[in-house]
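Take a look at the structure below.
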Amino acid sequence: MRTVRDESGRRHLLVKRSSDSSLVRDPRTGEERYVENDRLDAAGGESPLETSARRISPPVRRILTAVPNDRSIGLLVEFYDRGPLPARSLVSAYDLCESDLHGLLAEFRAAGLIEERTVAGERGYGLTDTAQDGLASLVGDAEQ
């Protein structure tokens, strides 16, 4: 399997190629269709697995690549459920030592999932729009 582009520039997965046409799969929908070979070009530089990953929304992919374990996803879910939280209360509220908590917060900030906020006059953290959108998809509650 490899990644190809159609004449509009959209990427597809090449499933099967014959002399006249190719069966391609849209990575966003999973839909397969035949396209004439002269309407396709090789899309170098992207693996077919990266193309397949496009089926997952960018916000969800960002979360999936940033969270190493259940505790870290749990921290993001807490921000999702509770909203922005003061930094001081995070250490006492959860079963993370201060260095682990600060490490996770730094990783989430670097991934663009949380940002510094002022909460009740104190320094705190809250989810970015990207994290909010991704978590809404993951928890199955698109209205929060």
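Chain labels A, B, ... are given in the sequence in which chains occur in the structure tokens; within each chain residues are numbered consecutively from 1, and ligands are likewise numbered from 1 in the order shown.
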Checklist entry - Please, which residues of chain A, numbered as in this document, come out strand (DSSP E or B) from DSSP, as an MDAnalysis selection string? => result chainID A and resid 2:6 11:17 21:25 32:36 40:42 85:86 114:119 122:127
List as a PDB file with N, CA and C atoms, in the first residue's frame the protein and nucleic acid residues near segment 112-119 of chain A, meaning an atom at most 9 Å away when only C-alpha atoms are counted, but skip any in the same chain fewer than 6 places from it.
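Wrote part-v6.pdb, looks like this:
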ATOM      1  N   PRO A  59      -7.475  16.954  16.509  1.00  0.00           N
ATOM      2  CA  PRO A  59      -7.434  17.114  17.969  1.00  0.00           C
ATOM      3  C   PRO A  59      -7.286  15.786  18.720  1.00  0.00           C
ATOM      4  N   ARG A  62      -3.736  14.542  18.361  1.00  0.00           N
ATOM      5  CA  ARG A  62      -2.831  15.296  19.234  1.00  0.00           C
ATOM      6  C   ARG A  62      -2.867  14.714  20.638  1.00  0.00           C
ATOM      7  N   ILE A  63      -4.052  14.400  21.147  1.00  0.00           N
ATOM      8  CA  ILE A  63      -4.170  13.813  22.486  1.00  0.00           C
ATOM      9  C   ILE A  63      -3.520  12.436  22.516  1.00  0.00           C
ATOM     10  N   ALA A  66       0.174  12.577  22.819  1.00  0.00           N
ATOM     11  CA  ALA A  66       0.731  13.268  23.983  1.00  0.00           C
ATOM     12  C   ALA A  66       0.546  12.528  25.300  1.00  0.00           C
ATOM     13  N   LEU A  76      -6.250  15.131  31.924  1.00  0.00           N
ATOM     14  CA  LEU A  76      -6.928  15.917  30.884  1.00  0.00           C
ATOM     15  C   LEU A  76      -8.445  15.849  31.047  1.00  0.00           C
ATOM     16  N   PHE A  79      -9.553  18.255  33.699  1.00  0.00           N
ATOM     17  CA  PHE A  79      -9.652  19.618  33.175  1.00  0.00           C
ATOM     18  C   PHE A  79     -10.918  19.769  32.329  1.00  0.00           C
ATOM     19  N   PRO A  84     -10.788  25.140  34.009  1.00  0.00           N
ATOM     20  CA  PRO A  84      -9.455  25.569  34.452  1.00  0.00           C
ATOM     21  C   PRO A  84      -9.302  25.388  35.965  1.00  0.00           C
ATOM     22  N   LEU A  85      -8.089  24.982  36.358  1.00  0.00           N
ATOM     23  CA  LEU A  85      -7.816  24.706  37.768  1.00  0.00           C
ATOM     24  C   LEU A  85      -6.583  25.473  38.226  1.00  0.00           C
ATOM     25  N   PRO A  86      -6.596  25.968  39.477  1.00  0.00           N
ATOM     26  CA  PRO A  86      -5.408  26.633  40.008  1.00  0.00           C
ATOM     27  C   PRO A  86      -4.271  25.626  40.180  1.00  0.00           C
ATOM     28  N   ALA A  87      -3.061  26.066  39.897  1.00  0.00           N
ATOM     29  CA  ALA A  87      -1.900  25.171  39.985  1.00  0.00           C
ATOM     30  C   ALA A  87      -1.737  24.606  41.388  1.00  0.00           C
ATOM     31  N   LEU A 105       2.232  18.561  32.992  1.00  0.00           N
ATOM     32  CA  LEU A 105       1.770  19.883  32.565  1.00  0.00           C
ATOM     33  C   LEU A 105       2.676  20.450  31.487  1.00  0.00           C
ATOM     34  N   ALA A 106       3.987  20.266  31.636  1.00  0.00           N
ATOM     35  CA  ALA A 106       4.934  20.746  30.618  1.00  0.00           C
ATOM     36  C   ALA A 106       4.718  20.015  29.292  1.00  0.00           C
ATOM     37  N   TYR A 125      -4.176  26.387  35.060  1.00  0.00           N
ATOM     38  CA  TYR A 125      -4.136  25.814  33.721  1.00  0.00           C
ATOM     39  C   TYR A 125      -5.536  25.442  33.264  1.00  0.00           C
ATOM     40  N   GLY A 126      -5.730  25.504  31.960  1.00  0.00           N
ATOM     41  CA  GLY A 126      -6.980  25.078  31.359  1.00  0.00           C
ATOM     42  C   GLY A 126      -6.717  24.477  29.990  1.00  0.00           C
ATOM     43  N   LEU A 127      -7.692  23.786  29.473  1.00  0.00           N
ATOM     44  CA  LEU A 127      -7.565  23.139  28.166  1.00  0.00           C
ATOM     45  C   LEU A 127      -7.564  24.167  27.037  1.00  0.00           C
ATOM     46  N   THR A 128      -6.832  23.857  25.985  1.00  0.00           N
ATOM     47  CA  THR A 128      -6.918  24.637  24.756  1.00  0.00           C
ATOM     48  C   THR A 128      -8.156  24.184  23.990  1.00  0.00           C
ATOM     49  N   ASP A 129      -8.527  24.937  22.978  1.00  0.00           N
ATOM     50  CA  ASP A 129      -9.659  24.536  22.143  1.00  0.00           C
ATOM     51  C   ASP A 129      -9.410  23.179  21.490  1.00  0.00           C
ATOM     52  N   THR A 130      -8.167  22.932  21.084  1.00  0.00           N
ATOM     53  CA  THR A 130      -7.822  21.645  20.465  1.00  0.00           C
ATOM     54  C   THR A 130      -8.096  20.498  21.424  1.00  0.00           C
ATOM     55  N   ALA A 131      -7.641  20.633  22.668  1.00  0.00           N
ATOM     56  CA  ALA A 131      -7.864  19.573  23.654  1.00  0.00           C
ATOM     57  C   ALA A 131      -9.347  19.428  23.964  1.00  0.00           C
ATOM     58  N   GLN A 132     -10.043  20.546  24.057  1.00  0.00           N
ATOM     59  CA  GLN A 132     -11.488  20.513  24.332  1.00  0.00           C
ATOM     60  C   GLN A 132     -12.212  19.728  23.235  1.00  0.00           C
TER      61      GLN A 132
END
Next on the checklist: Excluding Asp100 of chain A and its own-chain neighbours fewer than 4 positions away, which residues fall within 12 Å of it when counting only C-alpha atoms? Please give them as a list in words.
Outcome noted: Arg71, Ser72, Leu75, Leu90, Val91, Tyr94, Asp95, Leu96, Leu104, Leu105, Ala106 and Glu107 of chain A
File of the preceding selection, C-alpha atoms, as a PDB file, in the first residue's frame:
ATOM      1  CA  ARG A  71      -3.207   8.836  34.728  1.00  0.00           C
ATOM      2  CA  SER A  72      -2.253  11.468  32.190  1.00  0.00           C
ATOM      3  CA  LEU A  75      -5.718  14.582  34.230  1.00  0.00           C
ATOM      4  CA  LEU A  90      -3.573  20.279  41.409  1.00  0.00           C
ATOM      5  CA  VAL A  91      -0.850  18.890  43.683  1.00  0.00           C
ATOM      6  CA  TYR A  94      -4.501  14.125  42.648  1.00  0.00           C
ATOM      7  CA  ASP A  95      -2.202  11.187  43.348  1.00  0.00           C
ATOM      8  CA  LEU A  96       0.746  12.667  41.465  1.00  0.00           C
ATOM      9  CA  LEU A 104       2.811  16.239  32.636  1.00  0.00           C
ATOM     10  CA  LEU A 105       1.770  19.883  32.565  1.00  0.00           C
ATOM     11  CA  ALA A 106       4.934  20.746  30.618  1.00  0.00           C
ATOM     12  CA  GLU A 107       4.270  17.925  28.141  1.00  0.00           C
TER      13      GLU A 107
END
Next on the checklist: Let's see if you can do this: from backbone DSSP, list all helix (DSSP H, G or I) residues in chain A, as a count of residues only.
Outcome noted: 62
Checklist entry - Using only C-alpha atoms, which residues sit within 7 Å of Pro48 of chain A once same-chain residues fewer than 4 positions away are excluded, as a list in words? => result Met1, Arg2, Thr3, Leu13 and Ser52 of chain A
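Atom CA of Ser57 of chain A lies 23.8 Å from atom CA of Leu23 of chain A.
Take the candidates A:Gly103, A:Pro68, A:Gly124, A:Pro58 and check each one against Ser89 of chain A using only C-alpha atoms; the shortest distance goes to A:Gly124.
Nearest residue to Tyr80 of chain A among A:Leu40, A:Leu135, A:Cys97, A:Ala110 is A:Leu135, counting only C-alpha atoms.
Atom CA of Gly74 of chain A is positioned 12.6 Å from atom CA of Phe108 of chain A.
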Give me the residues near Asp38 of chain A as a PDB file with N, CA, C and O atoms, in the first residue's frame, where near means some atom within 9 Å (using only C-alpha atoms) and where sequence neighbours in that chain fewer than 2 positions away do not count.
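For reference, part.pdb as written:
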ATOM      1  N   ASP A  20      -5.525   0.188 -16.102  1.00  0.00           N
ATOM      2  CA  ASP A  20      -6.274   1.399 -16.425  1.00  0.00           C
ATOM      3  C   ASP A  20      -6.661   2.248 -15.209  1.00  0.00           C
ATOM      4  O   ASP A  20      -6.734   3.474 -15.304  1.00  0.00           O
ATOM      5  N   SER A  21      -6.974   1.594 -14.093  1.00  0.00           N
ATOM      6  CA  SER A  21      -7.463   2.336 -12.935  1.00  0.00           C
ATOM      7  C   SER A  21      -6.925   1.726 -11.650  1.00  0.00           C
ATOM      8  O   SER A  21      -6.386   0.631 -11.640  1.00  0.00           O
ATOM      9  N   VAL A  35     -10.267   5.028  -9.529  1.00  0.00           N
ATOM     10  CA  VAL A  35      -9.856   6.273 -10.170  1.00  0.00           C
ATOM     11  C   VAL A  35      -8.907   5.904 -11.308  1.00  0.00           C
ATOM     12  O   VAL A  35      -8.070   5.011 -11.166  1.00  0.00           O
ATOM     13  N   GLU A  36      -9.046   6.602 -12.432  1.00  0.00           N
ATOM     14  CA  GLU A  36      -8.148   6.357 -13.557  1.00  0.00           C
ATOM     15  C   GLU A  36      -6.709   6.656 -13.130  1.00  0.00           C
ATOM     16  O   GLU A  36      -6.450   7.642 -12.430  1.00  0.00           O
ATOM     17  N   LEU A  40      -3.853  10.096 -10.898  1.00  0.00           N
ATOM     18  CA  LEU A  40      -3.180   9.883  -9.621  1.00  0.00           C
ATOM     19  C   LEU A  40      -1.682  10.094  -9.755  1.00  0.00           C
ATOM     20  O   LEU A  40      -1.096   9.762 -10.780  1.00  0.00           O
ATOM     21  N   ASP A  41      -1.091  10.638  -8.703  1.00  0.00           N
ATOM     22  CA  ASP A  41       0.364  10.802  -8.615  1.00  0.00           C
ATOM     23  C   ASP A  41       0.821  10.255  -7.271  1.00  0.00           C
ATOM     24  O   ASP A  41       0.086  10.331  -6.279  1.00  0.00           O
TER      25      ASP A  41
END
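Relative to atom CA of Asp70 of chain A, atom CA of Gly83 of chain A is found at 19.1 Å.
Proximity ranking of A:Glu7, A:Ala43, A:Arg55, A:Leu64 relative to Arg25 of chain A places A:Arg55 first, based on only C-alpha atoms.
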